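**Student:** Dropping in entry-v5.txt, which is compact mmCIF, C-alpha atoms:
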```
# COMPACT_ATOMS: atom_id res chain seq x y z
CA MET A 116 89.68 76.72 129.60
CA ARG A 117 90.40 80.09 128.15
CA PHE A 118 93.89 79.06 127.17
CA GLY A 119 92.48 76.02 125.39
CA GLU A 120 90.14 78.20 123.40
CA MET A 121 92.99 80.50 122.52
CA ALA A 122 95.12 77.58 121.34
CA LYS A 123 92.26 76.22 119.25
CA ARG A 124 91.70 79.57 117.66
CA PHE A 125 95.42 79.91 117.08
CA LEU A 126 95.57 76.62 115.21
CA LYS A 127 92.44 77.39 113.24
CA GLU A 128 93.32 80.91 112.30
CA PHE A 129 96.98 80.50 111.52
CA ARG A 130 96.32 79.05 108.09
CA LEU A 131 93.40 81.28 107.29
CA ASP A 132 94.30 84.61 108.71
CA ARG A 133 97.80 85.58 109.62
CA GLU A 134 96.60 89.15 110.10
CA TRP A 135 94.88 88.17 113.30
CA LEU A 136 98.09 86.70 114.68
CA SER A 137 100.22 89.70 113.75
CA HIS A 138 97.57 91.96 115.25
CA LYS A 139 97.68 90.07 118.53
CA LEU A 140 101.47 90.06 118.55
CA SER A 141 101.68 93.79 117.94
CA ARG A 142 99.14 94.31 120.68
CA VAL A 143 101.24 92.33 123.19
CA LEU A 144 104.39 94.21 122.20
CA GLY A 145 102.46 97.47 122.36
CA ARG A 146 101.37 96.77 125.90
CA LEU A 147 104.95 96.12 126.93
CA ARG A 148 106.13 99.25 125.18
CA ALA A 149 103.42 101.35 126.83
CA ARG A 150 104.28 99.91 130.22
CA TRP A 151 107.84 101.12 129.72
CA LEU A 152 106.95 104.48 128.17
CA PHE A 153 104.35 105.51 130.72
CA ARG A 154 106.18 104.09 133.71
CA GLY A 155 105.53 105.95 136.94
CA MET A 156 102.11 107.12 135.74
CA HIS A 157 99.01 105.74 137.34
CA ALA A 158 97.55 104.35 134.15
CA LYS A 159 96.68 100.76 133.39
CA ASP A 160 96.26 98.57 130.33
CA LEU A 161 97.76 101.09 127.94
CA CYS A 162 98.90 100.08 124.50
CA ALA A 163 101.32 101.83 122.14
CA THR A 164 101.87 99.90 118.92
CA GLY A 165 104.38 102.35 117.55
CA LYS A 166 106.75 105.12 118.41
CA VAL A 167 105.56 107.63 121.01
CA VAL A 168 107.64 110.72 121.77
CA LEU A 169 107.03 112.10 125.24
CA HIS A 170 107.95 115.60 126.43
CA VAL A 171 105.92 115.87 129.59
CA GLU A 172 106.80 118.67 132.01
CA GLY A 173 103.27 119.30 133.26
CA ARG A 174 100.62 116.82 134.22
CA LEU A 175 99.50 113.96 132.02
CA GLN A 176 96.58 111.90 133.25
CA LEU A 177 95.66 108.87 131.19
CA GLY A 178 92.62 106.67 131.64
CA ARG A 179 92.54 102.93 131.28
CA ARG A 180 92.91 101.05 128.00
CA VAL A 181 94.14 104.04 126.01
CA THR A 182 95.65 102.95 122.69
CA PHE A 183 98.19 104.77 120.57
CA VAL A 184 98.29 103.07 117.17
CA GLY A 185 101.63 103.17 115.39
CA GLY A 186 102.23 103.90 111.74
CA MET A 187 104.05 106.22 109.40
CA ILE A 188 104.36 109.17 111.73
CA PRO A 189 105.20 108.88 115.46
CA THR A 190 102.79 110.14 118.10
CA THR A 191 104.13 113.10 120.07
CA ILE A 192 102.87 114.21 123.46
CA ARG A 193 104.13 117.62 124.56
CA VAL A 194 102.76 119.00 127.81
CA ALA A 195 104.27 122.30 128.98
CA LYS A 196 105.06 123.21 132.56
CA GLY A 197 101.91 123.85 134.58
CA ALA A 198 99.68 122.46 131.83
CA THR A 199 97.40 119.45 132.14
CA LEU A 200 96.23 116.87 129.64
CA TYR A 201 93.43 114.52 130.64
CA ILE A 202 92.60 111.54 128.45
CA GLY A 203 89.62 109.39 129.35
CA ASP A 204 89.23 105.61 129.28
CA ASP A 205 89.13 103.54 126.06
CA CYS A 206 90.40 106.30 123.78
CA VAL A 207 92.05 105.26 120.52
CA PHE A 208 94.54 107.47 118.72
CA ASN A 209 95.69 106.63 115.23
CA TYR A 210 99.22 107.37 114.07
CA GLY A 211 100.57 110.90 113.76
CA VAL A 212 98.41 112.46 116.48
CA SER A 213 100.42 115.15 118.23
CA PHE A 214 99.41 116.75 121.49
CA GLU A 215 100.63 120.31 122.03
CA VAL A 216 99.25 121.34 125.41
CA HIS A 217 100.16 124.64 127.03
CA ALA A 218 97.09 125.19 129.27
CA CYS A 219 94.53 122.40 129.64
CA VAL A 220 92.97 119.83 127.31
CA ARG A 221 90.32 117.36 128.43
CA ILE A 222 89.39 114.40 126.28
CA GLY A 223 86.44 112.30 127.35
CA GLU A 224 85.91 108.56 127.31
CA ARG A 225 85.75 106.28 124.26
CA CYS A 226 87.01 108.96 121.87
CA MET A 227 88.44 108.02 118.49
CA PHE A 228 91.08 110.08 116.76
CA GLY A 229 92.12 109.66 113.14
CA SER A 230 95.60 110.13 111.78
CA ALA A 231 97.55 113.39 111.54
CA ILE A 232 95.64 115.46 114.08
CA VAL A 233 97.17 118.20 116.20
CA VAL A 234 95.47 118.43 119.58
CA ARG A 235 96.25 121.92 120.78
CA ASP A 236 94.92 124.65 123.03
CA PHE A 237 96.85 127.68 121.82
CA VAL A 238 97.31 129.83 118.77
CA GLY A 239 100.22 132.19 118.91
CA GLU A 240 100.15 133.48 122.47
CA THR A 241 96.49 133.00 123.35
CA LEU A 242 95.87 130.01 125.59
CA LYS A 243 92.38 128.65 126.07
CA PRO A 244 91.44 125.36 127.71
CA THR A 245 89.76 122.98 125.28
CA THR A 246 87.30 120.23 126.12
CA LEU A 247 86.17 117.23 124.09
CA GLY A 248 83.27 115.18 125.43
CA ASN A 249 82.70 111.44 125.54
CA ASP A 250 82.35 109.32 122.37
CA VAL A 251 83.78 112.04 120.14
CA TRP A 252 85.12 110.92 116.78
CA VAL A 253 87.69 113.21 115.22
CA ALA A 254 88.46 112.18 111.65
CA HIS A 255 91.71 112.55 109.71
CA GLY A 256 93.07 116.08 109.43
CA ALA A 257 90.43 117.85 111.53
CA ALA A 258 91.54 120.94 113.44
CA TRP A 259 89.93 123.39 115.82
CA GLU A 260 90.18 126.85 117.26
CA PRO A 261 91.45 126.71 120.86
CA GLY A 262 88.86 127.21 123.57
CA ILE A 263 86.06 125.24 121.93
CA CYS A 264 83.89 122.69 123.63
CA VAL A 265 82.78 119.59 121.72
CA GLY A 266 79.70 117.80 123.08
CA ASP A 267 79.22 114.09 123.72
CA GLY A 268 78.90 111.85 120.67
CA ALA A 269 79.90 114.56 118.21
CA VAL A 270 81.82 113.90 115.00
CA LEU A 271 84.39 116.24 113.48
CA ALA A 272 84.56 115.31 109.80
CA ALA A 273 87.76 114.81 107.83
CA GLY A 274 89.61 118.01 107.01
CA SER A 275 87.15 120.23 108.84
CA PHE A 276 88.15 123.30 110.83
CA VAL A 277 85.92 123.90 113.82
CA ALA A 278 85.70 127.46 115.14
CA LYS A 279 82.54 127.28 117.27
CA ASN A 280 81.29 124.94 119.97
CA VAL A 281 79.76 121.72 118.70
CA PRO A 282 76.55 120.62 120.48
CA PRO A 283 76.23 116.98 121.61
CA GLY A 284 75.38 114.48 118.88
CA HIS A 285 76.20 116.83 116.02
CA LEU A 286 78.44 116.51 112.99
CA ALA A 287 80.82 119.37 112.20
CA LEU A 288 81.69 119.55 108.52
CA GLY A 289 83.65 121.92 106.31
CA ASN A 290 85.95 124.88 106.68
CA PRO A 291 84.66 126.87 108.57
CA ALA A 292 82.62 124.06 110.06
CA ARG A 293 78.84 123.96 109.94
CA THR A 294 77.06 121.67 112.33
CA MET A 295 74.23 119.30 111.56
CA GLU A 296 72.46 116.79 113.71
CA LEU A 297 73.43 113.14 113.86
CA LYS A 298 70.93 110.59 115.01
CA MET A 299 72.90 108.36 117.31
CA GLY A 300 71.36 104.92 117.59
CA THR A 301 72.58 104.34 121.11
CA MET B 694 103.36 116.64 83.44
CA SER B 695 104.50 114.70 86.42
CA SER B 696 107.70 113.50 84.85
CA SER B 697 108.88 117.05 84.25
CA LEU B 698 108.16 118.14 87.83
CA ALA B 699 110.69 115.88 89.44
CA ALA B 700 112.63 113.46 87.33
CA PRO B 701 113.54 110.38 89.37
CA PRO B 702 117.24 109.73 89.68
CA PRO B 703 118.52 106.81 87.63
CA GLN B 704 120.08 104.91 90.53
CA GLY B 705 118.39 102.77 93.16
CA ARG B 706 116.60 100.38 90.84
CA TRP B 707 117.03 97.22 92.89
CA LEU B 708 116.54 99.03 96.16
CA SER B 709 113.22 100.40 94.88
CA ARG B 710 112.15 96.90 93.88
CA TRP B 711 113.07 95.60 97.32
CA LYS B 712 111.04 98.32 99.00
CA LEU B 713 108.02 97.43 96.88
CA ARG B 714 108.46 93.66 97.32
CA ARG B 715 105.03 93.24 98.91
CA CYS B 716 103.22 94.64 95.87
CA THR B 717 101.57 92.18 93.52
CA ARG B 718 103.07 93.76 90.41
CA VAL B 719 105.63 96.49 89.94
CA GLY B 720 106.31 98.01 86.54
CA HIS B 721 109.71 98.87 85.17
CA GLY B 722 111.40 102.17 85.90
CA THR B 723 109.57 102.60 89.21
CA ARG B 724 111.58 104.51 91.80
CA VAL B 725 111.22 104.88 95.55
CA LEU B 726 113.20 107.46 97.46
CA GLY B 727 112.89 107.23 101.23
CA LYS B 728 110.65 105.01 103.24
CA ILE B 729 107.51 103.32 101.97
CA TRP B 730 105.18 101.23 104.10
CA VAL B 731 103.28 98.58 102.15
CA HIS B 732 100.92 96.45 104.19
CA GLY B 733 97.69 94.53 103.99
CA ARG B 734 96.88 91.32 102.12
CA GLY B 735 95.09 92.89 99.17
CA LYS B 736 96.49 93.35 95.69
CA ILE B 737 98.64 96.36 94.87
CA TYR B 738 99.52 97.00 91.23
CA VAL B 739 102.14 99.65 90.51
CA GLY B 740 102.60 100.74 86.90
CA ASP B 741 105.68 101.75 84.94
CA HIS B 742 107.78 104.81 85.74
CA VAL B 743 105.95 105.55 88.98
CA PHE B 744 107.95 107.78 91.30
CA PHE B 745 107.43 107.61 95.07
CA ASP B 746 109.21 110.64 96.50
CA ALA B 747 109.18 109.88 100.24
CA ARG B 748 112.22 111.91 101.20
CA ASN B 749 110.38 114.24 103.58
CA ALA B 750 107.88 111.76 105.06
CA PRO B 751 107.06 108.08 104.54
CA ILE B 752 104.34 106.87 102.15
CA GLU B 753 101.71 104.32 103.11
CA LEU B 754 100.14 101.85 100.68
CA HIS B 755 97.51 99.77 102.39
CA ALA B 756 95.19 97.26 100.72
CA LYS B 757 92.97 95.25 103.03
CA THR B 758 92.16 91.62 102.23
CA HIS B 759 90.35 91.32 98.85
CA ALA B 760 91.04 94.99 98.09
CA THR B 761 92.79 96.29 95.00
CA LEU B 762 95.00 99.34 94.79
CA TYR B 763 95.99 100.26 91.26
CA ILE B 764 98.56 102.95 90.48
CA GLY B 765 98.84 103.83 86.79
CA ASN B 766 101.90 104.54 84.70
CA GLY B 767 103.91 107.69 85.28
CA CYS B 768 102.30 108.70 88.58
CA LEU B 769 104.19 110.88 91.02
CA ILE B 770 103.36 110.38 94.69
CA GLU B 771 104.98 112.68 97.21
CA GLY B 772 105.87 112.05 100.82
CA GLY B 773 103.35 111.66 103.60
CA SER B 774 100.63 110.43 101.26
CA SER B 775 98.62 107.51 102.39
CA LEU B 776 96.42 105.34 100.18
CA GLU B 777 94.13 103.04 102.13
CA ALA B 778 91.98 100.67 100.10
CA VAL B 779 89.27 98.55 101.67
CA ASP B 780 87.51 97.90 98.35
CA SER B 781 89.33 99.60 95.48
CA ILE B 782 91.35 102.68 94.64
CA SER B 783 92.64 103.32 91.15
CA LEU B 784 94.89 106.10 89.91
CA GLY B 785 95.05 106.74 86.18
CA GLU B 786 98.12 107.59 84.17
CA ASN B 787 100.30 110.56 85.06
CA CYS B 788 98.49 111.44 88.27
CA HIS B 789 100.26 113.67 90.74
CA LEU B 790 99.53 113.36 94.45
CA GLY B 791 101.04 116.14 96.54
CA PRO B 792 102.52 115.77 100.01
CA PHE B 793 100.34 114.48 102.87
CA VAL B 794 97.40 113.52 100.68
CA LYS B 795 94.99 110.96 102.14
CA LEU B 796 92.91 108.61 100.01
CA MET B 797 90.46 106.39 101.84
CA ASP B 798 87.60 104.47 100.26
CA ASN B 799 85.92 103.61 103.55
CA HIS B 800 85.07 105.72 106.56
CA GLN B 801 86.13 102.83 108.86
CA HIS B 802 83.53 103.79 111.48
CA GLN B 803 79.83 104.54 111.34
CA THR B 804 78.58 107.93 112.39
CA THR B 805 75.38 106.51 113.82
CA GLY B 806 74.85 103.33 115.77
CA ASN B 807 77.78 101.10 116.58
CA ARG B 808 80.98 102.96 115.87
CA GLN B 809 83.08 99.81 115.74
CA GLU B 810 81.34 98.41 112.67
CA ARG B 811 82.81 99.17 109.29
CA PRO B 812 80.35 100.68 106.79
CA SER B 813 80.22 99.67 103.13
CA SER B 814 82.99 101.15 101.04
CA ASN B 815 82.76 103.27 97.95
CA PRO B 816 85.59 103.05 95.40
CA ILE B 817 87.84 105.98 94.53
CA VAL B 818 88.68 106.55 90.88
CA LEU B 819 91.20 109.08 89.60
CA GLU B 820 91.41 109.35 85.85
CA GLN B 821 94.36 110.54 83.79
CA ASN B 822 96.41 113.66 84.55
CA VAL B 823 94.71 114.47 87.85
CA LYS B 824 96.67 116.73 90.15
CA VAL B 825 95.92 116.72 93.86
CA GLY B 826 97.34 119.46 96.07
CA ALA B 827 99.02 119.08 99.43
CA HIS B 828 97.03 117.90 102.47
CA SER B 829 93.95 117.12 100.36
CA ILE B 830 91.61 114.35 101.46
CA LEU B 831 89.71 112.12 99.04
CA LEU B 832 86.84 110.44 100.86
CA PRO B 833 84.76 107.43 99.72
CA GLY B 834 82.97 108.05 96.44
CA ALA B 835 85.46 110.58 95.09
CA GLN B 836 85.69 110.17 91.32
CA LEU B 837 87.88 112.73 89.63
CA GLY B 838 87.55 113.18 85.89
CA GLU B 839 90.39 113.62 83.47
CA GLY B 840 92.67 116.58 84.14
CA THR B 841 91.04 117.64 87.40
CA LEU B 842 93.13 120.01 89.47
CA LEU B 843 92.64 120.17 93.23
CA GLU B 844 94.22 122.94 95.25
CA ALA B 845 95.76 122.31 98.66
CA HIS B 846 93.52 121.33 101.60
CA THR B 847 90.59 120.24 99.41
CA VAL B 848 88.19 117.59 100.67
CA VAL B 849 86.28 115.68 97.96
CA SER B 850 83.71 112.95 98.40
CA ARG B 851 81.70 112.93 95.14
CA LYS B 852 81.97 112.76 91.37
CA ILE B 853 83.85 115.62 89.74
CA PRO B 854 83.61 116.31 85.99
CA ALA B 855 86.71 116.36 83.79
CA GLY B 856 88.86 119.46 83.71
CA ALA B 857 87.49 121.01 86.91
CA HIS B 858 89.62 123.18 89.16
CA LEU B 859 88.51 122.95 92.77
CA GLN B 860 89.43 124.42 96.09
CA GLY B 861 88.18 124.33 99.66
CA ASN B 862 86.09 122.26 101.99
CA PRO B 863 83.32 121.76 100.79
CA PRO B 864 84.93 122.05 97.34
CA ARG B 865 84.06 124.99 95.10
CA ALA B 866 85.01 125.46 91.49
CA LEU B 867 87.53 128.15 90.70
CA LYS B 868 86.47 129.85 87.49
CA LYS B 869 89.70 131.68 86.87
CA GLU B 870 92.44 129.87 85.10
CA PRO B 871 95.48 129.34 87.31
CA LYS B 872 98.19 131.88 86.64
CA LYS B 873 100.53 130.74 83.98
CA GLU B 874 104.19 130.84 84.77
CA THR B 875 106.06 133.58 83.00
CA PRO B 876 108.28 132.15 80.32
CA THR B 877 111.92 132.63 80.99
```
Would you mind giving the structure from this file in structure tokens?

**Tutor:**
Amino acid sequence: MRFGEMAKRFLKEFRLDREWLSHKLSRVLGRLRARWLFRGMHAKDLCATGKVVLHVEGRLQLGRRVTFVGGMIPTTIRVAKGATLYIGDDCVFNYGVSFEVHACVRIGERCMFGSAIVVRDFVGETLKPTTLGNDVWVAHGAAWEPGICVGDGAVLAAGSFVAKNVPPGHLALGNPARTMELKMGT
Amino acid sequence: MSSSLAAPPPQGRWLSRWKLRRCTRVGHGTRVLGKIWVHGRGKIYVGDHVFFDARNAPIELHAKTHATLYIGNGCLIEGGSSLEAVDSISLGENCHLGPFVKLMDNHQHQTTGNRQERPSSNPIVLEQNVKVGAHSILLPGAQLGEGTLLEAHTVVSRKIPAGAHLQGNPPRALKKEPKKETPT
């Protein structure tokens, strides 16, 4: 039944929208690539539609259905010895996100990351564990001071530099970032 | 002027055309060095004597379906820049985009409510002789007047009058004239 629907949609959409087909194809290839890249890790339904460079000496714990979108710049994941990186379920990372973890970074569920973000927990020699809550949206080019805690449903705006903790449901904007309340519908 | 900053080498004419084969129109004398990623089903118009200098990092040109991306004559676009049009982006003549500049005319996600829905887009317009510094971000609704100069790491999301010199996030006007280079 489901296959029939798929075939119908395939025939219908092929003429109208080739984007849908290429999207699906890249998704299938991405799943295969992720299965190979993250082999031996207890993570399921991952997808990596692009190049991912892995240098994992510590612990990397990935949730389910994490997506690494490919693009201009490859994604790099660098976890030092004794460090831990937790990524929750349903997170989406756009191209060019690089993880530089030397102590501990926790990323909650359903987070969205824009392109060209450096996820780090150190500056120079100071290491501080960093936590991002659930439903956090980090826009293109946002950066933060290590050791901050971002609440659930917060948004870090494009190009902002966050030096203080962001309360849940707030928008951090500017450099240095000021926070203002967002009214989340759900 | 952009042409004096980095004159494109004379070779590589057909290779440049091949790299820009997915654009709707490409002017003469346009050069591409390095890797350029053109995707999307929208219309991309590239003017004459445009120089894409992607030697240090690739450049992205993305026009979604029914979107238009217009690059004027004599523009210089450096590596790592990405232009993503959902509705329309237009660069005037002799614009200069520095390395790792991001132009997006749609936020792609809503801040409130359902995050997966795409909000309405707001076109980006750059008029003539605009210079954008490295790592700057132009958000939906950015309209830069003629001869605007943005320093590095500037984030703009509104209308800027002609001849302004801005810096920072949120952007502030610099009153001082930039230091003139000593004549040699």

**Student:** Considering only C-alpha atoms, tabulate each residue of chain A that lies at most 9 Å from chain B along with its nearest interatomic pair and the corresponding distance in Å to one decimal; arrange the rows by chain and ascending residue number and present them as a tab-separated table.

**Tutor:**
```
residue	atom	partner	partner_atom	distance
A:Glu134	CA	B:Gly733	CA	8.2
A:Gly186	CA	B:Trp730	CA	8.6
A:Met187	CA	B:Pro751	CA	6.0
A:Ile188	CA	B:Pro751	CA	7.8
A:Trp252	CA	B:Thr804	CA	8.4
A:Ala254	CA	B:His800	CA	8.9
A:His255	CA	B:Lys795	CA	8.4
A:Gly256	CA	B:His828	CA	8.2
A:Ala269	CA	B:Thr804	CA	8.9
A:Val270	CA	B:Thr804	CA	7.3
A:Ala273	CA	B:Ile830	CA	7.5
A:Gly274	CA	B:Val848	CA	6.5
A:Ser275	CA	B:Asn862	CA	7.2
A:Leu286	CA	B:Thr804	CA	8.6
A:Leu288	CA	B:Pro863	CA	8.2
A:Gly289	CA	B:Asn862	CA	5.0
A:Asn290	CA	B:Asn862	CA	5.4
A:Pro291	CA	B:Asn862	CA	8.2
A:Ala292	CA	B:Asn862	CA	9.0
A:Leu297	CA	B:Thr805	CA	6.9
A:Lys298	CA	B:Thr805	CA	6.2
A:Met299	CA	B:Thr805	CA	4.7
A:Gly300	CA	B:Gly806	CA	4.2
A:Thr301	CA	B:Gly806	CA	5.9
```

**Student:** Would you output that residue set with C-alpha atoms, as a PDB file, in the frame of the given file?

**Tutor:**
```pdb
ATOM      1  CA  GLU A 134      96.600  89.150 110.100  1.00  0.00           C
ATOM      2  CA  GLY A 186     102.230 103.900 111.740  1.00  0.00           C
ATOM      3  CA  MET A 187     104.050 106.220 109.400  1.00  0.00           C
ATOM      4  CA  ILE A 188     104.360 109.170 111.730  1.00  0.00           C
ATOM      5  CA  TRP A 252      85.120 110.920 116.780  1.00  0.00           C
ATOM      6  CA  ALA A 254      88.460 112.180 111.650  1.00  0.00           C
ATOM      7  CA  HIS A 255      91.710 112.550 109.710  1.00  0.00           C
ATOM      8  CA  GLY A 256      93.070 116.080 109.430  1.00  0.00           C
ATOM      9  CA  ALA A 269      79.900 114.560 118.210  1.00  0.00           C
ATOM     10  CA  VAL A 270      81.820 113.900 115.000  1.00  0.00           C
ATOM     11  CA  ALA A 273      87.760 114.810 107.830  1.00  0.00           C
ATOM     12  CA  GLY A 274      89.610 118.010 107.010  1.00  0.00           C
ATOM     13  CA  SER A 275      87.150 120.230 108.840  1.00  0.00           C
ATOM     14  CA  LEU A 286      78.440 116.510 112.990  1.00  0.00           C
ATOM     15  CA  LEU A 288      81.690 119.550 108.520  1.00  0.00           C
ATOM     16  CA  GLY A 289      83.650 121.920 106.310  1.00  0.00           C
ATOM     17  CA  ASN A 290      85.950 124.880 106.680  1.00  0.00           C
ATOM     18  CA  PRO A 291      84.660 126.870 108.570  1.00  0.00           C
ATOM     19  CA  ALA A 292      82.620 124.060 110.060  1.00  0.00           C
ATOM     20  CA  LEU A 297      73.430 113.140 113.860  1.00  0.00           C
ATOM     21  CA  LYS A 298      70.930 110.590 115.010  1.00  0.00           C
ATOM     22  CA  MET A 299      72.900 108.360 117.310  1.00  0.00           C
ATOM     23  CA  GLY A 300      71.360 104.920 117.590  1.00  0.00           C
ATOM     24  CA  THR A 301      72.580 104.340 121.110  1.00  0.00           C
TER      25      THR A 301
END
```

**Student:** Rounded to one decimal place, report the CA of Thr190 (chain A)-CA of Ala835 (chain B) distance in Å.

**Tutor:**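 Here the two named atoms are 28.8 Å from each other.
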
**Student:** Take CA of Thr191 (chain A) and CA of Ala163 (chain A) and report the distance between them in Å, one decimal.

**Tutor:**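 Computing the Euclidean distance for CA of Thr191 (chain A) and CA of Ala163 (chain A) yields 11.8 Å.
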
**Student:** List the spatial neighbours of region 707-723 of chain B as a VMD selection string - criterion: any atom at most 10 Å away, all atoms listed in the file, same-chain residues fewer than 2 positions off excluded.

**Tutor:** chain B and resid 701 703 to 705 725 to 745 754 756 761 to 768

**Student:** Figure out the distance between CA of Tyr201 (chain A) and CA of Arg235 (chain A), please, to one decimal in Å.

**Tutor:**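 CA of Arg235 (chain A) sits 12.6 Å away from CA of Tyr201 (chain A).
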
**Student:** With 5 Å added on each side, what axis-aligned box encloses every listed atom of region 847-856 of chain B? Give the centre and edge lengths in Å to one decimal, as JSON.

**Tutor:**
```
{"center_x": 86.1, "center_y": 116.5, "center_z": 92.2, "size_x": 18.9, "size_y": 17.5, "size_z": 27.0}
```

**Student:** Just want the 6 Å neighbourhood of Ser230 (chain A), counted on all atoms listed in the file, with same-chain residues fewer than 2 positions away dropped. Output as a count of residues only.

**Tutor:** 6

**Student:** Ranking B:Ala760, B:Leu859, B:Leu842, B:Leu796 by minimum distance to Leu784 (chain B) and counting all atoms listed in the file, which one comes first?

**Tutor:** B:Leu796

**Student:** For the point (102.0, 98.2, 128.3) in file coordinates, what residues are within 12 Å, counting only C-alpha atoms? Give the answer as a PDB file with C-alpha atoms, in the coordinates of the input?

**Tutor:**
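Heads up, here's the output in selection-v9.pdb:
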```
ATOM      1  CA  SER A 141     101.680  93.790 117.940  1.00  0.00           C
ATOM      2  CA  ARG A 142      99.140  94.310 120.680  1.00  0.00           C
ATOM      3  CA  VAL A 143     101.240  92.330 123.190  1.00  0.00           C
ATOM      4  CA  LEU A 144     104.390  94.210 122.200  1.00  0.00           C
ATOM      5  CA  GLY A 145     102.460  97.470 122.360  1.00  0.00           C
ATOM      6  CA  ARG A 146     101.370  96.770 125.900  1.00  0.00           C
ATOM      7  CA  LEU A 147     104.950  96.120 126.930  1.00  0.00           C
ATOM      8  CA  ARG A 148     106.130  99.250 125.180  1.00  0.00           C
ATOM      9  CA  ALA A 149     103.420 101.350 126.830  1.00  0.00           C
ATOM     10  CA  ARG A 150     104.280  99.910 130.220  1.00  0.00           C
ATOM     11  CA  TRP A 151     107.840 101.120 129.720  1.00  0.00           C
ATOM     12  CA  LEU A 152     106.950 104.480 128.170  1.00  0.00           C
ATOM     13  CA  PHE A 153     104.350 105.510 130.720  1.00  0.00           C
ATOM     14  CA  ARG A 154     106.180 104.090 133.710  1.00  0.00           C
ATOM     15  CA  MET A 156     102.110 107.120 135.740  1.00  0.00           C
ATOM     16  CA  ALA A 158      97.550 104.350 134.150  1.00  0.00           C
ATOM     17  CA  LYS A 159      96.680 100.760 133.390  1.00  0.00           C
ATOM     18  CA  ASP A 160      96.260  98.570 130.330  1.00  0.00           C
ATOM     19  CA  LEU A 161      97.760 101.090 127.940  1.00  0.00           C
ATOM     20  CA  CYS A 162      98.900 100.080 124.500  1.00  0.00           C
ATOM     21  CA  ALA A 163     101.320 101.830 122.140  1.00  0.00           C
ATOM     22  CA  THR A 164     101.870  99.900 118.920  1.00  0.00           C
ATOM     23  CA  GLY A 165     104.380 102.350 117.550  1.00  0.00           C
ATOM     24  CA  ARG A 179      92.540 102.930 131.280  1.00  0.00           C
ATOM     25  CA  ARG A 180      92.910 101.050 128.000  1.00  0.00           C
ATOM     26  CA  VAL A 181      94.140 104.040 126.010  1.00  0.00           C
ATOM     27  CA  THR A 182      95.650 102.950 122.690  1.00  0.00           C
ATOM     28  CA  PHE A 183      98.190 104.770 120.570  1.00  0.00           C
TER      29      PHE A 183
END
```

**Student:** Do you know which residues are at most 12 Å from Ala278 (chain A) counting all atoms listed in the file, after dropping those on the same chain fewer than 4 positions away, and could you put them as a PyMOL selection string?

**Tutor:** chain A and resi 245+257-265+271+287-294

**Student:** Complete region 270-281 of chain A at the level of N, CA and C atoms, written as a compact mmCIF listing (two decimals), keeping the file's coordinate frame.

**Tutor:**
```
# COMPACT_ATOMS: atom_id res chain seq x y z
N VAL A 270 80.87 114.36 116.02
CA VAL A 270 81.82 113.90 115.00
C VAL A 270 82.41 115.12 114.32
N LEU A 271 83.73 115.20 114.27
CA LEU A 271 84.39 116.24 113.48
C LEU A 271 84.85 115.56 112.19
N ALA A 272 84.30 116.00 111.07
CA ALA A 272 84.56 115.31 109.80
C ALA A 272 85.98 115.56 109.32
N ALA A 273 86.39 114.75 108.34
CA ALA A 273 87.76 114.81 107.83
C ALA A 273 88.03 116.17 107.21
N GLY A 274 89.17 116.75 107.59
CA GLY A 274 89.61 118.01 107.01
C GLY A 274 88.83 119.22 107.45
N SER A 275 87.95 119.08 108.44
CA SER A 275 87.15 120.23 108.84
C SER A 275 87.90 121.10 109.84
N PHE A 276 87.57 122.37 109.86
CA PHE A 276 88.15 123.30 110.83
C PHE A 276 87.01 123.86 111.66
N VAL A 277 87.04 123.57 112.95
CA VAL A 277 85.92 123.90 113.82
C VAL A 277 86.27 125.16 114.61
N ALA A 278 85.44 126.19 114.47
CA ALA A 278 85.70 127.46 115.14
C ALA A 278 84.70 127.74 116.25
N LYS A 279 83.57 127.04 116.25
CA LYS A 279 82.54 127.28 117.27
C LYS A 279 82.32 126.00 118.06
N ASN A 280 81.61 126.13 119.17
CA ASN A 280 81.29 124.94 119.97
C ASN A 280 80.39 124.00 119.17
N VAL A 281 80.59 122.71 119.38
CA VAL A 281 79.76 121.72 118.70
C VAL A 281 78.82 121.13 119.74
```
